[in-house]
>>> print(open('input-v4.pdb').read())   # PDB, N, CA and C atoms
ATOM      1  N   MET A  17      21.852 -10.715  29.383  1.00  0.00           N
ATOM      2  CA  MET A  17      21.063 -11.043  30.549  1.00  0.00           C
ATOM      3  C   MET A  17      21.764 -10.468  31.772  1.00  0.00           C
ATOM      4  N   GLN A  18      20.997  -9.803  32.584  1.00  0.00           N
ATOM      5  CA  GLN A  18      21.523  -9.151  33.757  1.00  0.00           C
ATOM      6  C   GLN A  18      20.926  -9.825  34.997  1.00  0.00           C
ATOM      7  N   GLN A  19      21.739 -10.031  36.029  1.00  0.00           N
ATOM      8  CA  GLN A  19      21.236 -10.583  37.283  1.00  0.00           C
ATOM      9  C   GLN A  19      21.372  -9.541  38.373  1.00  0.00           C
ATOM     10  N   ILE A  20      20.345  -9.468  39.221  1.00  0.00           N
ATOM     11  CA  ILE A  20      20.351  -8.491  40.307  1.00  0.00           C
ATOM     12  C   ILE A  20      19.651  -9.095  41.519  1.00  0.00           C
ATOM     13  N   ASP A  21      20.154  -8.791  42.695  1.00  0.00           N
ATOM     14  CA  ASP A  21      19.556  -9.285  43.930  1.00  0.00           C
ATOM     15  C   ASP A  21      18.229  -8.563  44.176  1.00  0.00           C
ATOM     16  N   ILE A  22      17.312  -9.257  44.815  1.00  0.00           N
ATOM     17  CA  ILE A  22      15.971  -8.697  45.021  1.00  0.00           C
ATOM     18  C   ILE A  22      16.000  -7.416  45.861  1.00  0.00           C
ATOM     19  N   ALA A  23      16.901  -7.322  46.823  1.00  0.00           N
ATOM     20  CA  ALA A  23      16.994  -6.107  47.641  1.00  0.00           C
ATOM     21  C   ALA A  23      17.379  -4.901  46.780  1.00  0.00           C
ATOM     22  N   ASN A  24      18.294  -5.091  45.858  1.00  0.00           N
ATOM     23  CA  ASN A  24      18.681  -4.005  44.944  1.00  0.00           C
ATOM     24  C   ASN A  24      17.595  -3.741  43.906  1.00  0.00           C
ATOM     25  N   ALA A  25      16.903  -4.793  43.487  1.00  0.00           N
ATOM     26  CA  ALA A  25      15.860  -4.647  42.468  1.00  0.00           C
ATOM     27  C   ALA A  25      14.711  -3.787  42.979  1.00  0.00           C
ATOM     28  N   GLN A  26      14.405  -3.880  44.265  1.00  0.00           N
ATOM     29  CA  GLN A  26      13.310  -3.090  44.819  1.00  0.00           C
ATOM     30  C   GLN A  26      13.593  -1.591  44.721  1.00  0.00           C
ATOM     31  N   THR A  27      14.828  -1.208  44.871  1.00  0.00           N
ATOM     32  CA  THR A  27      15.152   0.215  44.806  1.00  0.00           C
ATOM     33  C   THR A  27      15.369   0.695  43.378  1.00  0.00           C
ATOM     34  N   GLN A  28      15.627  -0.228  42.446  1.00  0.00           N
ATOM     35  CA  GLN A  28      15.949   0.142  41.065  1.00  0.00           C
ATOM     36  C   GLN A  28      14.877  -0.289  40.068  1.00  0.00           C
ATOM     37  N   LEU A  29      13.676  -0.585  40.544  1.00  0.00           N
ATOM     38  CA  LEU A  29      12.645  -1.132  39.661  1.00  0.00           C
ATOM     39  C   LEU A  29      12.357  -0.266  38.432  1.00  0.00           C
ATOM     40  N   PRO A  30      12.193   1.047  38.541  1.00  0.00           N
ATOM     41  CA  PRO A  30      11.934   1.840  37.324  1.00  0.00           C
ATOM     42  C   PRO A  30      13.050   1.706  36.275  1.00  0.00           C
ATOM     43  N   GLN A  31      14.298   1.697  36.722  1.00  0.00           N
ATOM     44  CA  GLN A  31      15.412   1.549  35.778  1.00  0.00           C
ATOM     45  C   GLN A  31      15.402   0.149  35.157  1.00  0.00           C
ATOM     46  N   LEU A  32      15.107  -0.866  35.968  1.00  0.00           N
ATOM     47  CA  LEU A  32      15.072  -2.234  35.457  1.00  0.00           C
ATOM     48  C   LEU A  32      13.957  -2.414  34.432  1.00  0.00           C
ATOM     49  N   ILE A  33      12.839  -1.770  34.662  1.00  0.00           N
ATOM     50  CA  ILE A  33      11.736  -1.832  33.694  1.00  0.00           C
ATOM     51  C   ILE A  33      12.164  -1.215  32.367  1.00  0.00           C
ATOM     52  N   GLN A  34      12.836  -0.089  32.406  1.00  0.00           N
ATOM     53  CA  GLN A  34      13.303   0.544  31.171  1.00  0.00           C
ATOM     54  C   GLN A  34      14.284  -0.362  30.429  1.00  0.00           C
ATOM     55  N   ILE A  35      15.166  -1.006  31.158  1.00  0.00           N
ATOM     56  CA  ILE A  35      16.129  -1.922  30.537  1.00  0.00           C
ATOM     57  C   ILE A  35      15.392  -3.090  29.879  1.00  0.00           C
ATOM     58  N   ALA A  36      14.392  -3.631  30.571  1.00  0.00           N
ATOM     59  CA  ALA A  36      13.615  -4.748  30.018  1.00  0.00           C
ATOM     60  C   ALA A  36      12.849  -4.320  28.774  1.00  0.00           C
ATOM     61  N   LEU A  37      12.333  -3.097  28.764  1.00  0.00           N
ATOM     62  CA  LEU A  37      11.607  -2.592  27.594  1.00  0.00           C
ATOM     63  C   LEU A  37      12.509  -2.420  26.382  1.00  0.00           C
ATOM     64  N   GLN A  38      13.804  -2.320  26.613  1.00  0.00           N
ATOM     65  CA  GLN A  38      14.758  -2.213  25.507  1.00  0.00           C
ATOM     66  C   GLN A  38      15.156  -3.594  24.986  1.00  0.00           C
ATOM     67  N   GLY A  39      14.593  -4.658  25.567  1.00  0.00           N
ATOM     68  CA  GLY A  39      14.817  -6.001  25.047  1.00  0.00           C
ATOM     69  C   GLY A  39      15.752  -6.866  25.867  1.00  0.00           C
ATOM     70  N   GLU A  40      16.293  -6.346  26.949  1.00  0.00           N
ATOM     71  CA  GLU A  40      17.215  -7.152  27.751  1.00  0.00           C
ATOM     72  C   GLU A  40      16.433  -7.944  28.795  1.00  0.00           C
ATOM     73  N   GLU A  41      16.902  -9.133  29.083  1.00  0.00           N
ATOM     74  CA  GLU A  41      16.283  -9.990  30.084  1.00  0.00           C
ATOM     75  C   GLU A  41      16.981  -9.768  31.423  1.00  0.00           C
ATOM     76  N   ILE A  42      16.191  -9.609  32.481  1.00  0.00           N
ATOM     77  CA  ILE A  42      16.754  -9.370  33.806  1.00  0.00           C
ATOM     78  C   ILE A  42      16.294 -10.493  34.736  1.00  0.00           C
ATOM     79  N   ILE A  43      17.242 -11.127  35.402  1.00  0.00           N
ATOM     80  CA  ILE A  43      16.955 -12.185  36.363  1.00  0.00           C
ATOM     81  C   ILE A  43      17.111 -11.603  37.758  1.00  0.00           C
ATOM     82  N   ILE A  44      16.075 -11.752  38.568  1.00  0.00           N
ATOM     83  CA  ILE A  44      16.120 -11.285  39.955  1.00  0.00           C
ATOM     84  C   ILE A  44      16.399 -12.498  40.838  1.00  0.00           C
ATOM     85  N   THR A  45      17.376 -12.339  41.736  1.00  0.00           N
ATOM     86  CA  THR A  45      17.816 -13.475  42.556  1.00  0.00           C
ATOM     87  C   THR A  45      17.597 -13.198  44.038  1.00  0.00           C
ATOM     88  N   ARG A  46      17.552 -14.290  44.788  1.00  0.00           N
ATOM     89  CA  ARG A  46      17.543 -14.223  46.252  1.00  0.00           C
ATOM     90  C   ARG A  46      18.503 -15.310  46.721  1.00  0.00           C
ATOM     91  N   ASN A  47      19.483 -14.930  47.526  1.00  0.00           N
ATOM     92  CA  ASN A  47      20.525 -15.869  47.984  1.00  0.00           C
ATOM     93  C   ASN A  47      21.213 -16.543  46.795  1.00  0.00           C
ATOM     94  N   ASN A  48      21.471 -15.768  45.753  1.00  0.00           N
ATOM     95  CA  ASN A  48      22.135 -16.230  44.525  1.00  0.00           C
ATOM     96  C   ASN A  48      21.351 -17.295  43.768  1.00  0.00           C
ATOM     97  N   GLN A  49      20.049 -17.411  44.023  1.00  0.00           N
ATOM     98  CA  GLN A  49      19.182 -18.339  43.304  1.00  0.00           C
ATOM     99  C   GLN A  49      18.175 -17.529  42.497  1.00  0.00           C
ATOM    100  N   PRO A  50      18.024 -17.801  41.218  1.00  0.00           N
ATOM    101  CA  PRO A  50      17.058 -17.045  40.407  1.00  0.00           C
ATOM    102  C   PRO A  50      15.630 -17.311  40.883  1.00  0.00           C
ATOM    103  N   ILE A  51      14.864 -16.234  41.043  1.00  0.00           N
ATOM    104  CA  ILE A  51      13.473 -16.389  41.471  1.00  0.00           C
ATOM    105  C   ILE A  51      12.483 -15.719  40.517  1.00  0.00           C
ATOM    106  N   LEU A  52      12.932 -14.715  39.766  1.00  0.00           N
ATOM    107  CA  LEU A  52      12.050 -14.002  38.841  1.00  0.00           C
ATOM    108  C   LEU A  52      12.792 -13.652  37.562  1.00  0.00           C
ATOM    109  N   LYS A  53      12.018 -13.540  36.480  1.00  0.00           N
ATOM    110  CA  LYS A  53      12.591 -13.088  35.214  1.00  0.00           C
ATOM    111  C   LYS A  53      11.767 -11.897  34.741  1.00  0.00           C
ATOM    112  N   LEU A  54      12.427 -10.811  34.438  1.00  0.00           N
ATOM    113  CA  LEU A  54      11.768  -9.597  33.960  1.00  0.00           C
ATOM    114  C   LEU A  54      12.089  -9.455  32.479  1.00  0.00           C
ATOM    115  N   THR A  55      11.056  -9.604  31.645  1.00  0.00           N
ATOM    116  CA  THR A  55      11.230  -9.484  30.198  1.00  0.00           C
ATOM    117  C   THR A  55      10.062  -8.697  29.613  1.00  0.00           C
ATOM    118  N   GLN A  56      10.268  -8.230  28.416  1.00  0.00           N
ATOM    119  CA  GLN A  56       9.228  -7.496  27.705  1.00  0.00           C
ATOM    120  C   GLN A  56       8.247  -8.495  27.092  1.00  0.00           C
ATOM    121  N   ILE A  57       6.966  -8.171  27.145  1.00  0.00           N
ATOM    122  CA  ILE A  57       5.938  -8.991  26.507  1.00  0.00           C
ATOM    123  C   ILE A  57       5.586  -8.333  25.180  1.00  0.00           C
ATOM    124  N   PHE A  58       5.709  -9.086  24.109  1.00  0.00           N
ATOM    125  CA  PHE A  58       5.399  -8.555  22.784  1.00  0.00           C
ATOM    126  C   PHE A  58       3.934  -8.819  22.465  1.00  0.00           C
ATOM    127  N   PRO A  59       3.253  -7.865  21.868  1.00  0.00           N
ATOM    128  CA  PRO A  59       1.834  -8.061  21.565  1.00  0.00           C
ATOM    129  C   PRO A  59       1.655  -9.181  20.546  1.00  0.00           C
ATOM    130  N   THR A  60       0.603  -9.939  20.725  1.00  0.00           N
ATOM    131  CA  THR A  60       0.304 -11.013  19.784  1.00  0.00           C
ATOM    132  C   THR A  60      -0.427 -10.435  18.583  1.00  0.00           C
ATOM    133  N   GLY A  61      -0.352 -11.138  17.490  1.00  0.00           N
ATOM    134  CA  GLY A  61      -1.040 -10.687  16.289  1.00  0.00           C
ATOM    135  C   GLY A  61      -2.550 -10.806  16.438  1.00  0.00           C
ATOM    136  N   LYS A  62      -3.257 -10.109  15.611  1.00  0.00           N
ATOM    137  CA  LYS A  62      -4.711 -10.143  15.649  1.00  0.00           C
ATOM    138  C   LYS A  62      -5.192 -11.521  15.186  1.00  0.00           C
ATOM    139  N   ARG A  63      -6.111 -12.101  15.927  1.00  0.00           N
ATOM    140  CA  ARG A  63      -6.643 -13.420  15.572  1.00  0.00           C
ATOM    141  C   ARG A  63      -7.481 -13.317  14.306  1.00  0.00           C
ATOM    142  N   ARG A  64      -7.362 -14.335  13.482  1.00  0.00           N
ATOM    143  CA  ARG A  64      -8.165 -14.357  12.270  1.00  0.00           C
ATOM    144  C   ARG A  64      -9.629 -14.623  12.623  1.00  0.00           C
ATOM    145  N   GLN A  65     -10.521 -14.034  11.869  1.00  0.00           N
ATOM    146  CA  GLN A  65     -11.942 -14.208  12.111  1.00  0.00           C
ATOM    147  C   GLN A  65     -12.510 -15.116  11.041  1.00  0.00           C
ATOM    148  N   ARG A  66     -13.205 -16.152  11.493  1.00  0.00           N
ATOM    149  CA  ARG A  66     -13.786 -17.105  10.557  1.00  0.00           C
ATOM    150  C   ARG A  66     -14.828 -16.408   9.677  1.00  0.00           C
ATOM    151  N   GLY A  67     -14.767 -16.674   8.382  1.00  0.00           N
ATOM    152  CA  GLY A  67     -15.740 -16.123   7.447  1.00  0.00           C
ATOM    153  C   GLY A  67     -15.421 -14.726   6.947  1.00  0.00           C
ATOM    154  N   SER A  68     -14.252 -14.213   7.258  1.00  0.00           N
ATOM    155  CA  SER A  68     -13.940 -12.834   6.868  1.00  0.00           C
ATOM    156  C   SER A  68     -13.704 -12.683   5.369  1.00  0.00           C
ATOM    157  N   ALA A  69     -13.455 -13.763   4.637  1.00  0.00           N
ATOM    158  CA  ALA A  69     -13.234 -13.691   3.188  1.00  0.00           C
ATOM    159  C   ALA A  69     -14.459 -14.151   2.397  1.00  0.00           C
ATOM    160  N   ARG A  70     -15.581 -14.266   3.074  1.00  0.00           N
ATOM    161  CA  ARG A  70     -16.796 -14.741   2.413  1.00  0.00           C
ATOM    162  C   ARG A  70     -17.156 -13.830   1.237  1.00  0.00           C
ATOM    163  N   GLY A  71     -17.416 -14.446   0.087  1.00  0.00           N
ATOM    164  CA  GLY A  71     -17.790 -13.695  -1.104  1.00  0.00           C
ATOM    165  C   GLY A  71     -16.608 -13.181  -1.905  1.00  0.00           C
ATOM    166  N   GLN A  72     -15.396 -13.394  -1.439  1.00  0.00           N
ATOM    167  CA  GLN A  72     -14.221 -12.894  -2.144  1.00  0.00           C
ATOM    168  C   GLN A  72     -13.533 -13.978  -2.970  1.00  0.00           C
ATOM    169  N   ILE A  73     -13.894 -15.229  -2.765  1.00  0.00           N
ATOM    170  CA  ILE A  73     -13.258 -16.332  -3.476  1.00  0.00           C
ATOM    171  C   ILE A  73     -14.296 -16.985  -4.383  1.00  0.00           C
ATOM    172  N   LYS A  74     -13.951 -17.134  -5.641  1.00  0.00           N
ATOM    173  CA  LYS A  74     -14.851 -17.737  -6.626  1.00  0.00           C
ATOM    174  C   LYS A  74     -14.225 -19.029  -7.140  1.00  0.00           C
ATOM    175  N   ILE A  75     -15.028 -20.071  -7.245  1.00  0.00           N
ATOM    176  CA  ILE A  75     -14.582 -21.349  -7.809  1.00  0.00           C
ATOM    177  C   ILE A  75     -15.264 -21.499  -9.164  1.00  0.00           C
ATOM    178  N   ALA A  76     -14.480 -21.828 -10.173  1.00  0.00           N
ATOM    179  CA  ALA A  76     -15.003 -21.966 -11.533  1.00  0.00           C
ATOM    180  C   ALA A  76     -16.036 -23.098 -11.578  1.00  0.00           C
ATOM    181  N   PRO A  77     -17.058 -22.962 -12.419  1.00  0.00           N
ATOM    182  CA  PRO A  77     -18.091 -23.997 -12.498  1.00  0.00           C
ATOM    183  C   PRO A  77     -17.530 -25.356 -12.942  1.00  0.00           C
ATOM    184  N   ASP A  78     -16.452 -25.351 -13.728  1.00  0.00           N
ATOM    185  CA  ASP A  78     -15.882 -26.614 -14.207  1.00  0.00           C
ATOM    186  C   ASP A  78     -14.704 -27.074 -13.334  1.00  0.00           C
ATOM    187  N   PHE A  79     -14.698 -26.695 -12.093  1.00  0.00           N
ATOM    188  CA  PHE A  79     -13.590 -27.011 -11.191  1.00  0.00           C
ATOM    189  C   PHE A  79     -13.336 -28.523 -11.098  1.00  0.00           C
ATOM    190  N   LYS A  80     -14.397 -29.314 -11.040  1.00  0.00           N
ATOM    191  CA  LYS A  80     -14.247 -30.764 -10.889  1.00  0.00           C
ATOM    192  C   LYS A  80     -14.190 -31.506 -12.228  1.00  0.00           C
ATOM    193  N   ALA A  81     -14.271 -30.790 -13.324  1.00  0.00           N
ATOM    194  CA  ALA A  81     -14.220 -31.433 -14.644  1.00  0.00           C
ATOM    195  C   ALA A  81     -12.816 -31.977 -14.887  1.00  0.00           C
ATOM    196  N   PRO A  82     -12.705 -33.126 -15.564  1.00  0.00           N
ATOM    197  CA  PRO A  82     -11.387 -33.700 -15.835  1.00  0.00           C
ATOM    198  C   PRO A  82     -10.558 -32.775 -16.732  1.00  0.00           C
ATOM    199  N   LEU A  83      -9.271 -32.741 -16.500  1.00  0.00           N
ATOM    200  CA  LEU A  83      -8.367 -31.935 -17.308  1.00  0.00           C
ATOM    201  C   LEU A  83      -8.063 -32.658 -18.610  1.00  0.00           C
ATOM    202  N   ALA A  84      -7.943 -31.895 -19.690  1.00  0.00           N
ATOM    203  CA  ALA A  84      -7.675 -32.479 -21.006  1.00  0.00           C
ATOM    204  C   ALA A  84      -6.341 -33.208 -21.013  1.00  0.00           C
ATOM    205  N   ASP A  85      -5.366 -32.765 -20.260  1.00  0.00           N
ATOM    206  CA  ASP A  85      -4.055 -33.402 -20.233  1.00  0.00           C
ATOM    207  C   ASP A  85      -4.089 -34.807 -19.644  1.00  0.00           C
ATOM    208  N   PHE A  86      -5.113 -35.143 -18.893  1.00  0.00           N
ATOM    209  CA  PHE A  86      -5.178 -36.436 -18.228  1.00  0.00           C
ATOM    210  C   PHE A  86      -6.233 -37.375 -18.837  1.00  0.00           C
ATOM    211  N   GLN A  87      -6.764 -37.039 -20.002  1.00  0.00           N
ATOM    212  CA  GLN A  87      -7.787 -37.857 -20.622  1.00  0.00           C
ATOM    213  C   GLN A  87      -7.315 -39.292 -20.874  1.00  0.00           C
ATOM    214  N   GLU A  88      -6.060 -39.464 -21.286  1.00  0.00           N
ATOM    215  CA  GLU A  88      -5.573 -40.815 -21.591  1.00  0.00           C
ATOM    216  C   GLU A  88      -5.502 -41.688 -20.333  1.00  0.00           C
ATOM    217  N   TYR A  89      -5.364 -41.089 -19.158  1.00  0.00           N
ATOM    218  CA  TYR A  89      -5.317 -41.850 -17.904  1.00  0.00           C
ATOM    219  C   TYR A  89      -6.709 -42.192 -17.379  1.00  0.00           C
ATOM    220  N   MET A  90      -7.723 -41.507 -17.872  1.00  0.00           N
ATOM    221  CA  MET A  90      -9.071 -41.683 -17.366  1.00  0.00           C
ATOM    222  C   MET A  90      -9.807 -42.826 -18.051  1.00  0.00           C
ATOM    223  N   THR A  91      -9.294 -43.337 -19.117  1.00  0.00           N
ATOM    224  CA  THR A  91     -10.022 -44.396 -19.843  1.00  0.00           C
ATOM    225  C   THR A  91      -9.554 -45.768 -19.470  1.00  0.00           C
TER     226      THR A  91
END
>>> encode(input="input-v4.pdb", output="structure tokens")
Amino acid sequence: MQQIDIANAQTQLPQLIQIALQGEEIIITRNNQPILKLTQIFPTGKRRQRGSARGQIKIAPDFKAPLADFQEYMT
């Protein structure tokens, strides 16, 4: 993490942007107090679309039928 005064940041903005794009966090200060944070924003993943797997999943006709292994518990 790098800290830089706002007066210096104004003259070095292109360099600071390149540093932030490389993954480093830059804190911009005024009177030694942090006022801004310059970081890279990572793209979010693509949102899932409801119904996109329609027709691709099959459920067996006997899905709800009792399992033979549990017959003794069913009586």
>>> closest_residue(input="input-v4.pdb", among="A:Ile73, A:Gly67, A:Leu54, A:Leu83", to="Ala36 in chain A", atoms="only N, CA and C atoms")
A:Leu54
>>> atom_distance(input="input-v4.pdb", atom1="CA of Ile22 in chain A", atom2="atom C of Lys53 in chain A")
11.6 Å
>>> atom_distance(input="input-v4.pdb", atom1="atom N of Ile44 in chain A", atom2="CA of Gly61 in chain A")
28.1 Å
>>> residues_around(input="input-v4.pdb", residues="Leu32 in chain A", least_positions_apart="6", cutoff="8 Å", atoms="all atoms listed in the file", output="VMD selection string")
chain A and resid 25 38 42 54
>>> atom_distance(input="input-v4.pdb", atom1="atom N of Asp21 in chain A", atom2="CA of Phe58 in chain A")
24.8 Å
>>> select_by_dssp(input="input-v4.pdb", residues="range 25-90 of chain A", states="strand (DSSP E)", output="list in words")
Ile42, Ile43, Ile44, Thr45, Arg46, Gln49, Pro50, Ile51, Leu52, Lys53 and Leu54 of chain A
>>> closest_residue(input="input-v4.pdb", among="A:Tyr89, A:Gln34, A:Ile43, A:Arg66", to="Gln18 in chain A", atoms="all atoms listed in the file")
A:Ile43
>>> closest_residue(input="input-v4.pdb", among="A:Lys74, A:Gln87, A:Thr55, A:Thr60", to="Gly39 in chain A", atoms="only N, CA and C atoms")
A:Thr55
>>> residues_around(input="input-v4.pdb", residues="Thr45 in chain A", least_positions_apart="3", cutoff="8 Å", atoms="only C-alpha atoms", output="PDB file with N, CA and C atoms, keeping the file's coordinate frame")
ATOM      1  N   GLN A  19      21.739 -10.031  36.029  1.00  0.00           N
ATOM      2  CA  GLN A  19      21.236 -10.583  37.283  1.00  0.00           C
ATOM      3  C   GLN A  19      21.372  -9.541  38.373  1.00  0.00           C
ATOM      4  N   ILE A  20      20.345  -9.468  39.221  1.00  0.00           N
ATOM      5  CA  ILE A  20      20.351  -8.491  40.307  1.00  0.00           C
ATOM      6  C   ILE A  20      19.651  -9.095  41.519  1.00  0.00           C
ATOM      7  N   ASP A  21      20.154  -8.791  42.695  1.00  0.00           N
ATOM      8  CA  ASP A  21      19.556  -9.285  43.930  1.00  0.00           C
ATOM      9  C   ASP A  21      18.229  -8.563  44.176  1.00  0.00           C
ATOM     10  N   ILE A  22      17.312  -9.257  44.815  1.00  0.00           N
ATOM     11  CA  ILE A  22      15.971  -8.697  45.021  1.00  0.00           C
ATOM     12  C   ILE A  22      16.000  -7.416  45.861  1.00  0.00           C
ATOM     13  N   ASN A  48      21.471 -15.768  45.753  1.00  0.00           N
ATOM     14  CA  ASN A  48      22.135 -16.230  44.525  1.00  0.00           C
ATOM     15  C   ASN A  48      21.351 -17.295  43.768  1.00  0.00           C
ATOM     16  N   GLN A  49      20.049 -17.411  44.023  1.00  0.00           N
ATOM     17  CA  GLN A  49      19.182 -18.339  43.304  1.00  0.00           C
ATOM     18  C   GLN A  49      18.175 -17.529  42.497  1.00  0.00           C
ATOM     19  N   PRO A  50      18.024 -17.801  41.218  1.00  0.00           N
ATOM     20  CA  PRO A  50      17.058 -17.045  40.407  1.00  0.00           C
ATOM     21  C   PRO A  50      15.630 -17.311  40.883  1.00  0.00           C
ATOM     22  N   ILE A  51      14.864 -16.234  41.043  1.00  0.00           N
ATOM     23  CA  ILE A  51      13.473 -16.389  41.471  1.00  0.00           C
ATOM     24  C   ILE A  51      12.483 -15.719  40.517  1.00  0.00           C
ATOM     25  N   LEU A  52      12.932 -14.715  39.766  1.00  0.00           N
ATOM     26  CA  LEU A  52      12.050 -14.002  38.841  1.00  0.00           C
ATOM     27  C   LEU A  52      12.792 -13.652  37.562  1.00  0.00           C
TER      28      LEU A  52
END
>>> closest_residue(input="input-v4.pdb", among="A:Pro30, A:Glu40, A:Gln65, A:Met90", to="Met17 in chain A", atoms="only C-alpha atoms")
A:Glu40
>>> select_by_dssp(input="input-v4.pdb", residues="chain A", states="alpha helix (DSSP H)", output="list in words")
Ile22, Ala23, Asn24, Ala25, Gln26, Thr27, Leu29, Pro30, Gln31, Leu32, Ile33, Gln34, Ile35, Ala36, Leu37, Gln87, Glu88, Tyr89 and Met90 of chain A
>>> decode(input="input-v4.pdb", residues="range 58-80 of chain A", atoms="N, CA and C atoms", output="PDB file, in the first residue's frame")
ATOM      1  N   PHE A  58     -12.136  -5.414 -10.221  1.00  0.00           N
ATOM      2  CA  PHE A  58     -12.124  -6.665 -10.974  1.00  0.00           C
ATOM      3  C   PHE A  58     -13.515  -6.929 -11.534  1.00  0.00           C
ATOM      4  N   PRO A  59     -13.605  -7.398 -12.759  1.00  0.00           N
ATOM      5  CA  PRO A  59     -14.922  -7.643 -13.352  1.00  0.00           C
ATOM      6  C   PRO A  59     -15.649  -8.752 -12.598  1.00  0.00           C
ATOM      7  N   THR A  60     -16.942  -8.589 -12.472  1.00  0.00           N
ATOM      8  CA  THR A  60     -17.748  -9.609 -11.811  1.00  0.00           C
ATOM      9  C   THR A  60     -18.074 -10.711 -12.807  1.00  0.00           C
ATOM     10  N   GLY A  61     -18.368 -11.867 -12.286  1.00  0.00           N
ATOM     11  CA  GLY A  61     -18.722 -12.982 -13.151  1.00  0.00           C
ATOM     12  C   GLY A  61     -20.078 -12.766 -13.806  1.00  0.00           C
ATOM     13  N   LYS A  62     -20.324 -13.487 -14.851  1.00  0.00           N
ATOM     14  CA  LYS A  62     -21.587 -13.376 -15.563  1.00  0.00           C
ATOM     15  C   LYS A  62     -22.707 -13.939 -14.685  1.00  0.00           C
ATOM     16  N   ARG A  63     -23.797 -13.208 -14.582  1.00  0.00           N
ATOM     17  CA  ARG A  63     -24.931 -13.656 -13.769  1.00  0.00           C
ATOM     18  C   ARG A  63     -25.593 -14.861 -14.421  1.00  0.00           C
ATOM     19  N   ARG A  64     -26.012 -15.781 -13.581  1.00  0.00           N
ATOM     20  CA  ARG A  64     -26.709 -16.946 -14.103  1.00  0.00           C
ATOM     21  C   ARG A  64     -28.101 -16.543 -14.588  1.00  0.00           C
ATOM     22  N   GLN A  65     -28.561 -17.191 -15.628  1.00  0.00           N
ATOM     23  CA  GLN A  65     -29.869 -16.892 -16.181  1.00  0.00           C
ATOM     24  C   GLN A  65     -30.820 -18.010 -15.813  1.00  0.00           C
ATOM     25  N   ARG A  66     -31.951 -17.621 -15.238  1.00  0.00           N
ATOM     26  CA  ARG A  66     -32.937 -18.610 -14.824  1.00  0.00           C
ATOM     27  C   ARG A  66     -33.469 -19.365 -16.045  1.00  0.00           C
ATOM     28  N   GLY A  67     -33.549 -20.680 -15.926  1.00  0.00           N
ATOM     29  CA  GLY A  67     -34.096 -21.508 -16.994  1.00  0.00           C
ATOM     30  C   GLY A  67     -33.103 -21.891 -18.074  1.00  0.00           C
ATOM     31  N   SER A  68     -31.837 -21.596 -17.880  1.00  0.00           N
ATOM     32  CA  SER A  68     -30.859 -21.871 -18.937  1.00  0.00           C
ATOM     33  C   SER A  68     -30.574 -23.360 -19.105  1.00  0.00           C
ATOM     34  N   ALA A  69     -30.915 -24.201 -18.135  1.00  0.00           N
ATOM     35  CA  ALA A  69     -30.684 -25.647 -18.238  1.00  0.00           C
ATOM     36  C   ALA A  69     -31.969 -26.412 -18.559  1.00  0.00           C
ATOM     37  N   ARG A  70     -32.992 -25.691 -18.963  1.00  0.00           N
ATOM     38  CA  ARG A  70     -34.275 -26.328 -19.251  1.00  0.00           C
ATOM     39  C   ARG A  70     -34.112 -27.393 -20.338  1.00  0.00           C
ATOM     40  N   GLY A  71     -34.649 -28.580 -20.069  1.00  0.00           N
ATOM     41  CA  GLY A  71     -34.579 -29.675 -21.027  1.00  0.00           C
ATOM     42  C   GLY A  71     -33.299 -30.486 -20.946  1.00  0.00           C
ATOM     43  N   GLN A  72     -32.371 -30.106 -20.094  1.00  0.00           N
ATOM     44  CA  GLN A  72     -31.104 -30.822 -19.994  1.00  0.00           C
ATOM     45  C   GLN A  72     -31.070 -31.781 -18.806  1.00  0.00           C
ATOM     46  N   ILE A  73     -32.025 -31.674 -17.903  1.00  0.00           N
ATOM     47  CA  ILE A  73     -32.045 -32.518 -16.713  1.00  0.00           C
ATOM     48  C   ILE A  73     -33.268 -33.426 -16.786  1.00  0.00           C
ATOM     49  N   LYS A  74     -33.046 -34.709 -16.617  1.00  0.00           N
ATOM     50  CA  LYS A  74     -34.124 -35.697 -16.669  1.00  0.00           C
ATOM     51  C   LYS A  74     -34.251 -36.362 -15.302  1.00  0.00           C
ATOM     52  N   ILE A  75     -35.477 -36.520 -14.837  1.00  0.00           N
ATOM     53  CA  ILE A  75     -35.751 -37.224 -13.580  1.00  0.00           C
ATOM     54  C   ILE A  75     -36.408 -38.549 -13.946  1.00  0.00           C
ATOM     55  N   ALA A  76     -35.903 -39.624 -13.372  1.00  0.00           N
ATOM     56  CA  ALA A  76     -36.418 -40.962 -13.668  1.00  0.00           C
ATOM     57  C   ALA A  76     -37.886 -41.058 -13.237  1.00  0.00           C
ATOM     58  N   PRO A  77     -38.690 -41.828 -13.967  1.00  0.00           N
ATOM     59  CA  PRO A  77     -40.108 -41.948 -13.622  1.00  0.00           C
ATOM     60  C   PRO A  77     -40.326 -42.546 -12.224  1.00  0.00           C
ATOM     61  N   ASP A  78     -39.397 -43.384 -11.761  1.00  0.00           N
ATOM     62  CA  ASP A  78     -39.557 -44.008 -10.444  1.00  0.00           C
ATOM     63  C   ASP A  78     -38.787 -43.245  -9.355  1.00  0.00           C
ATOM     64  N   PHE A  79     -38.590 -41.976  -9.542  1.00  0.00           N
ATOM     65  CA  PHE A  79     -37.805 -41.166  -8.609  1.00  0.00           C
ATOM     66  C   PHE A  79     -38.367 -41.229  -7.180  1.00  0.00           C
ATOM     67  N   LYS A  80     -39.684 -41.189  -7.043  1.00  0.00           N
ATOM     68  CA  LYS A  80     -40.302 -41.182  -5.715  1.00  0.00           C
ATOM     69  C   LYS A  80     -40.631 -42.585  -5.196  1.00  0.00           C
TER      70      LYS A  80
END
